[in-house]
file structure_32.cif (mmCIF, C-alpha atoms)
data_input
#
loop_
_atom_site.group_PDB
_atom_site.id
_atom_site.type_symbol
_atom_site.label_atom_id
_atom_site.label_comp_id
_atom_site.auth_asym_id
_atom_site.auth_seq_id
_atom_site.Cartn_x
_atom_site.Cartn_y
_atom_site.Cartn_z
ATOM 1 C CA MET A 1 15.532 32.651 -13.449
ATOM 2 C CA LYS A 2 12.014 33.490 -12.192
ATOM 3 C CA ASN A 3 10.358 30.276 -13.396
ATOM 4 C CA GLN A 4 13.334 28.062 -12.706
ATOM 5 C CA LYS A 5 13.645 26.108 -9.492
ATOM 6 C CA VAL A 6 16.894 24.887 -7.984
ATOM 7 C CA LEU A 7 16.717 21.863 -5.711
ATOM 8 C CA ILE A 8 19.782 21.513 -3.496
ATOM 9 C CA ILE A 9 20.598 17.893 -2.653
ATOM 10 C CA GLY A 10 23.399 16.248 -0.720
ATOM 11 C CA PRO A 11 24.288 14.213 2.341
ATOM 12 C CA PRO A 12 23.578 15.430 5.878
ATOM 13 C CA PHE A 13 25.691 18.397 7.032
ATOM 14 C CA SER A 14 26.979 19.119 3.526
ATOM 15 C CA GLY A 15 25.739 22.732 3.517
ATOM 16 C CA LYS A 16 22.426 22.418 1.637
ATOM 17 C CA SER A 17 20.582 24.865 3.894
ATOM 18 C CA TYR A 18 23.431 27.368 3.747
ATOM 19 C CA ILE A 19 23.695 27.244 -0.050
ATOM 20 C CA SER A 20 19.925 27.487 -0.556
ATOM 21 C CA SER A 21 19.692 30.497 1.784
ATOM 22 C CA LYS A 22 22.555 32.274 -0.012
ATOM 23 C CA LEU A 23 20.949 31.606 -3.408
ATOM 24 C CA LYS A 24 17.610 32.918 -2.109
ATOM 25 C CA GLU A 25 19.367 36.117 -1.001
ATOM 26 C CA LYS A 26 20.378 36.549 -4.647
ATOM 27 C CA GLY A 27 16.815 36.001 -5.867
ATOM 28 C CA VAL A 28 17.204 32.368 -6.938
ATOM 29 C CA ASN A 29 14.202 30.106 -6.327
ATOM 30 C CA ALA A 30 16.226 27.472 -4.396
ATOM 31 C CA ILE A 31 15.390 25.045 -1.612
ATOM 32 C CA ASP A 32 17.131 22.412 0.476
ATOM 33 C CA ALA A 33 15.615 19.013 -0.421
ATOM 34 C CA ASP A 34 15.528 18.165 3.309
ATOM 35 C CA LYS A 35 12.827 20.832 3.747
ATOM 36 C CA ILE A 36 10.308 18.918 1.602
ATOM 37 C CA ASP A 37 8.108 16.819 3.900
ATOM 38 C CA SER A 38 7.907 13.111 3.032
ATOM 39 C CA LEU A 39 10.235 13.458 0.024
ATOM 40 C CA SER A 40 12.906 10.984 1.024
ATOM 41 C CA LYS A 41 13.522 8.010 3.247
ATOM 42 C CA TRP A 42 15.834 5.035 3.729
ATOM 43 C CA VAL A 43 14.444 1.596 2.893
ATOM 44 C CA ASN A 44 15.742 -1.940 3.358
ATOM 45 C CA GLU A 45 15.763 -4.676 0.714
ATOM 46 C CA ASN A 46 12.076 -5.425 1.471
ATOM 47 C CA GLY A 47 11.105 -1.781 0.896
ATOM 48 C CA ASP A 48 10.430 -1.168 4.579
ATOM 49 C CA THR A 49 11.384 2.237 5.957
ATOM 50 C CA VAL A 50 14.459 2.142 8.216
ATOM 51 C CA GLN A 51 15.947 4.800 10.466
ATOM 52 C CA PHE A 52 19.334 6.161 9.422
ATOM 53 C CA PRO A 53 21.774 5.355 12.255
ATOM 54 C CA ASP A 54 24.026 7.962 13.867
ATOM 55 C CA SER A 55 27.039 6.291 12.276
ATOM 56 C CA ALA A 56 26.156 4.104 9.325
ATOM 57 C CA SER A 57 28.650 1.393 8.461
ATOM 58 C CA GLN A 58 29.539 0.536 4.888
ATOM 59 C CA ASP A 59 27.550 -2.702 5.323
ATOM 60 C CA TRP A 60 24.468 -0.755 6.439
ATOM 61 C CA LEU A 61 24.771 1.568 3.438
ATOM 62 C CA SER A 62 25.133 -1.431 1.117
ATOM 63 C CA GLU A 63 22.034 -3.105 2.549
ATOM 64 C CA ASN A 64 19.741 -0.056 2.445
ATOM 65 C CA LYS A 65 18.753 2.519 -0.163
ATOM 66 C CA PHE A 66 17.960 6.219 -0.007
ATOM 67 C CA VAL A 67 14.842 6.866 -2.089
ATOM 68 C CA TRP A 68 12.665 9.812 -3.063
ATOM 69 C CA ASP A 69 8.920 9.749 -3.531
ATOM 70 C CA ARG A 70 8.376 10.791 -7.149
ATOM 71 C CA GLU A 71 4.808 12.004 -6.578
ATOM 72 C CA VAL A 72 5.859 14.209 -3.643
ATOM 73 C CA LEU A 73 8.666 15.708 -5.746
ATOM 74 C CA GLU A 74 6.461 16.321 -8.785
ATOM 75 C CA ASN A 75 3.756 17.959 -6.647
ATOM 76 C CA PHE A 76 6.313 20.127 -4.896
ATOM 77 C CA LEU A 77 8.035 21.252 -8.086
ATOM 78 C CA GLY A 78 4.669 21.993 -9.671
ATOM 79 C CA LYS A 79 4.057 24.782 -7.156
ATOM 80 C CA GLU A 80 4.354 28.317 -8.476
ATOM 81 C CA GLU A 81 6.832 29.442 -5.807
ATOM 82 C CA LEU A 82 8.977 27.515 -3.370
ATOM 83 C CA PRO A 83 8.781 28.354 0.333
#
call {"tool": "encode", "arguments": {"input": "structure_32.cif", "output": "structure tokens"}}
result
Amino acid sequence: MKNQKVLIIGPPFSGKSYISSKLKEKGVNAIDADKIDSLSKWVNENGDTVQFPDSASQDWLSENKFVWDREVLENFLGKEELP
């Protein structure tokens, strides 16, 4: 498992940080995706960044997309060890 990396993804407050910390305790190279700077953001239909509201309605979720920056992810996963 030394060269493998486990990226933990999920919605806010789903336990990503907890799971990644428990896996790290067992020697797994795991990280919460929220800990990767500039990896993800919400964008509107024009591609403009929008702030995720405290309580997003179904309409808001339908009108906006959660996206990852491929280059940021590839650069991060190319590192020898995860933080």
call {"tool": "atom_distance", "arguments": {"input": "structure_32.cif", "atom1": "CA of Val43 in chain A", "atom2": "CA of Phe13 in chain A"}}
result
20.6 Å
call {"tool": "residues_around", "arguments": {"input": "structure_32.cif", "residues": "range 63-71 of chain A", "least_positions_apart": "5", "cutoff": "6 Å", "atoms": "all atoms listed in the file", "output": "VMD selection string"}}
result
chain A and resid 39 to 44
call {"tool": "write_last_selection", "arguments": {"input": "structure_32.cif", "atoms": "C-alpha atoms", "output": "CSV table (one decimal), in the frame of the given file"}}
result
chain,number,residue,atom,x,y,z
A,39,LEU,CA,10.2,13.5,0.0
A,40,SER,CA,12.9,11.0,1.0
A,41,LYS,CA,13.5,8.0,3.2
A,42,TRP,CA,15.8,5.0,3.7
A,43,VAL,CA,14.4,1.6,2.9
A,44,ASN,CA,15.7,-1.9,3.4
call {"tool": "residues_around", "arguments": {"input": "structure_32.cif", "residues": "Ala33 in chain A", "least_positions_apart": "4", "cutoff": "7 Å", "atoms": "all atoms listed in the file", "output": "number ranges by chain"}}
result
A: 7-9
call {"tool": "residues_near_point", "arguments": {"input": "structure_32.cif", "point": "(4.8, 17.3, -1.7)", "cutoff": "9 Å", "atoms": "all atoms listed in the file", "output": "number ranges by chain"}}
result
A: 36-39, 69, 71-77
call {"tool": "write_last_selection", "arguments": {"input": "structure_32.cif", "atoms": "C-alpha atoms", "output": "compact mmCIF listing (two decimals), keeping the file's coordinate frame"}}
result
# COMPACT_ATOMS: atom_id res chain seq x y z
CA ILE A 36 10.31 18.92 1.60
CA ASP A 37 8.11 16.82 3.90
CA SER A 38 7.91 13.11 3.03
CA LEU A 39 10.24 13.46 0.02
CA ASP A 69 8.92 9.75 -3.53
CA GLU A 71 4.81 12.00 -6.58
CA VAL A 72 5.86 14.21 -3.64
CA LEU A 73 8.67 15.71 -5.75
CA GLU A 74 6.46 16.32 -8.78
CA ASN A 75 3.76 17.96 -6.65
CA PHE A 76 6.31 20.13 -4.90
CA LEU A 77 8.04 21.25 -8.09
call {"tool": "residues_near_point", "arguments": {"input": "structure_32.cif", "point": "(21.4, 8.3, 9.0)", "cutoff": "10 Å", "atoms": "all atoms listed in the file", "output": "PyMOL selection string"}}
result
chain A and resi 11-12+41-42+50-56+60-61+66
call {"tool": "atom_distance", "arguments": {"input": "structure_32.cif", "atom1": "CA of Ser20 in chain A", "atom2": "CA of Asp32 in chain A"}}
result
5.9 Å
call {"tool": "axis_aligned_box", "arguments": {"input": "structure_32.cif", "around": "range 58-72 of chain A", "padding_each_side": "4 Å", "output": "AutoDock Vina command-line options"}}
result
--center_x 17.2 --center_y 5.6 --center_z -0.4 --size_x 32.7 --size_y 25.3 --size_z 21.6
call {"tool": "decode", "arguments": {"input": "structure_32.cif", "residues": "range 25-68 of chain A", "atoms": "N, CA and C atoms", "output": "compact mmCIF listing (two decimals), in the first residue's frame"}}
result
# COMPACT_ATOMS: atom_id res chain seq x y z
N GLU A 25 -3.68 6.38 10.59
CA GLU A 25 -3.23 5.68 11.79
C GLU A 25 -2.85 4.24 11.47
N LYS A 26 -3.45 3.67 10.44
CA LYS A 26 -3.18 2.29 10.04
C LYS A 26 -2.11 2.22 8.94
N GLY A 27 -1.50 3.37 8.63
CA GLY A 27 -0.42 3.39 7.66
C GLY A 27 -0.85 3.57 6.21
N VAL A 28 -2.12 3.90 5.99
CA VAL A 28 -2.62 4.11 4.64
C VAL A 28 -2.36 5.56 4.24
N ASN A 29 -1.89 5.75 3.03
CA ASN A 29 -1.60 7.09 2.49
C ASN A 29 -2.91 7.71 2.01
N ALA A 30 -3.70 8.25 2.95
CA ALA A 30 -5.05 8.76 2.66
C ALA A 30 -5.17 10.23 3.02
N ILE A 31 -6.01 10.93 2.26
CA ILE A 31 -6.24 12.35 2.56
C ILE A 31 -7.66 12.75 2.21
N ASP A 32 -8.19 13.66 2.97
CA ASP A 32 -9.49 14.27 2.74
C ASP A 32 -9.34 15.23 1.56
N ALA A 33 -10.14 15.09 0.53
CA ALA A 33 -10.06 15.94 -0.66
C ALA A 33 -10.22 17.42 -0.32
N ASP A 34 -10.92 17.73 0.77
CA ASP A 34 -11.11 19.13 1.18
C ASP A 34 -9.80 19.79 1.60
N LYS A 35 -8.77 18.99 1.88
CA LYS A 35 -7.49 19.52 2.35
C LYS A 35 -6.58 19.94 1.19
N ILE A 36 -7.00 19.72 -0.04
CA ILE A 36 -6.19 20.07 -1.20
C ILE A 36 -6.60 21.46 -1.68
N ASP A 37 -5.72 22.43 -1.49
CA ASP A 37 -6.01 23.82 -1.86
C ASP A 37 -6.34 23.94 -3.35
N SER A 38 -7.39 24.67 -3.64
CA SER A 38 -7.81 25.01 -5.01
C SER A 38 -8.27 23.81 -5.83
N LEU A 39 -8.55 22.67 -5.19
CA LEU A 39 -8.97 21.50 -5.95
C LEU A 39 -10.39 21.64 -6.48
N SER A 40 -11.30 22.10 -5.65
CA SER A 40 -12.70 22.09 -6.06
C SER A 40 -13.37 23.44 -5.84
N LYS A 41 -14.47 23.60 -6.55
CA LYS A 41 -15.27 24.82 -6.41
C LYS A 41 -16.64 24.56 -7.01
N TRP A 42 -17.57 25.44 -6.71
CA TRP A 42 -18.90 25.44 -7.31
C TRP A 42 -18.91 26.50 -8.41
N VAL A 43 -19.49 26.16 -9.55
CA VAL A 43 -19.60 27.11 -10.66
C VAL A 43 -21.03 27.16 -11.16
N ASN A 44 -21.40 28.33 -11.71
CA ASN A 44 -22.73 28.48 -12.30
C ASN A 44 -22.68 28.07 -13.77
N GLU A 45 -23.78 28.24 -14.47
CA GLU A 45 -23.86 27.80 -15.87
C GLU A 45 -22.89 28.55 -16.78
N ASN A 46 -22.43 29.73 -16.36
CA ASN A 46 -21.45 30.51 -17.14
C ASN A 46 -20.01 30.14 -16.80
N GLY A 47 -19.83 29.24 -15.81
CA GLY A 47 -18.50 28.85 -15.38
C GLY A 47 -17.90 29.76 -14.34
N ASP A 48 -18.70 30.70 -13.84
CA ASP A 48 -18.23 31.61 -12.78
C ASP A 48 -18.31 30.91 -11.43
N THR A 49 -17.31 31.14 -10.60
CA THR A 49 -17.30 30.56 -9.26
C THR A 49 -18.41 31.17 -8.42
N VAL A 50 -19.14 30.32 -7.70
CA VAL A 50 -20.21 30.77 -6.80
C VAL A 50 -19.97 30.18 -5.42
N GLN A 51 -20.41 30.89 -4.41
CA GLN A 51 -20.27 30.46 -3.03
C GLN A 51 -21.39 29.48 -2.68
N PHE A 52 -21.04 28.36 -2.06
CA PHE A 52 -22.05 27.40 -1.64
C PHE A 52 -22.82 27.99 -0.48
N PRO A 53 -24.15 28.07 -0.58
CA PRO A 53 -24.95 28.67 0.50
C PRO A 53 -25.06 27.75 1.71
N ASP A 54 -25.39 28.33 2.85
CA ASP A 54 -25.55 27.54 4.08
C ASP A 54 -26.59 26.44 3.91
N SER A 55 -27.67 26.73 3.22
CA SER A 55 -28.65 25.68 2.93
C SER A 55 -29.04 25.80 1.46
N ALA A 56 -28.45 24.93 0.67
CA ALA A 56 -28.69 24.96 -0.78
C ALA A 56 -30.00 24.27 -1.11
N SER A 57 -30.82 24.96 -1.88
CA SER A 57 -32.09 24.38 -2.33
C SER A 57 -31.83 23.42 -3.49
N GLN A 58 -32.79 22.61 -3.80
CA GLN A 58 -32.68 21.71 -4.94
C GLN A 58 -32.49 22.51 -6.23
N ASP A 59 -33.16 23.65 -6.35
CA ASP A 59 -33.00 24.52 -7.52
C ASP A 59 -31.56 25.00 -7.63
N TRP A 60 -30.98 25.45 -6.50
CA TRP A 60 -29.60 25.93 -6.52
C TRP A 60 -28.66 24.81 -6.97
N LEU A 61 -28.86 23.62 -6.44
CA LEU A 61 -28.01 22.49 -6.81
C LEU A 61 -28.18 22.12 -8.28
N SER A 62 -29.36 22.30 -8.83
CA SER A 62 -29.61 22.00 -10.23
C SER A 62 -28.96 23.04 -11.15
N GLU A 63 -28.84 24.26 -10.67
CA GLU A 63 -28.32 25.35 -11.48
C GLU A 63 -26.80 25.51 -11.40
N ASN A 64 -26.16 24.83 -10.47
CA ASN A 64 -24.72 24.97 -10.27
C ASN A 64 -24.06 23.60 -10.25
N LYS A 65 -22.76 23.58 -10.53
CA LYS A 65 -22.02 22.32 -10.57
C LYS A 65 -20.81 22.40 -9.64
N PHE A 66 -20.50 21.25 -9.05
CA PHE A 66 -19.30 21.09 -8.24
C PHE A 66 -18.23 20.51 -9.15
N VAL A 67 -17.11 21.22 -9.30
CA VAL A 67 -16.07 20.78 -10.22
C VAL A 67 -14.71 20.73 -9.54
N TRP A 68 -13.85 19.85 -10.07
CA TRP A 68 -12.47 19.74 -9.61
C TRP A 68 -11.56 20.26 -10.70
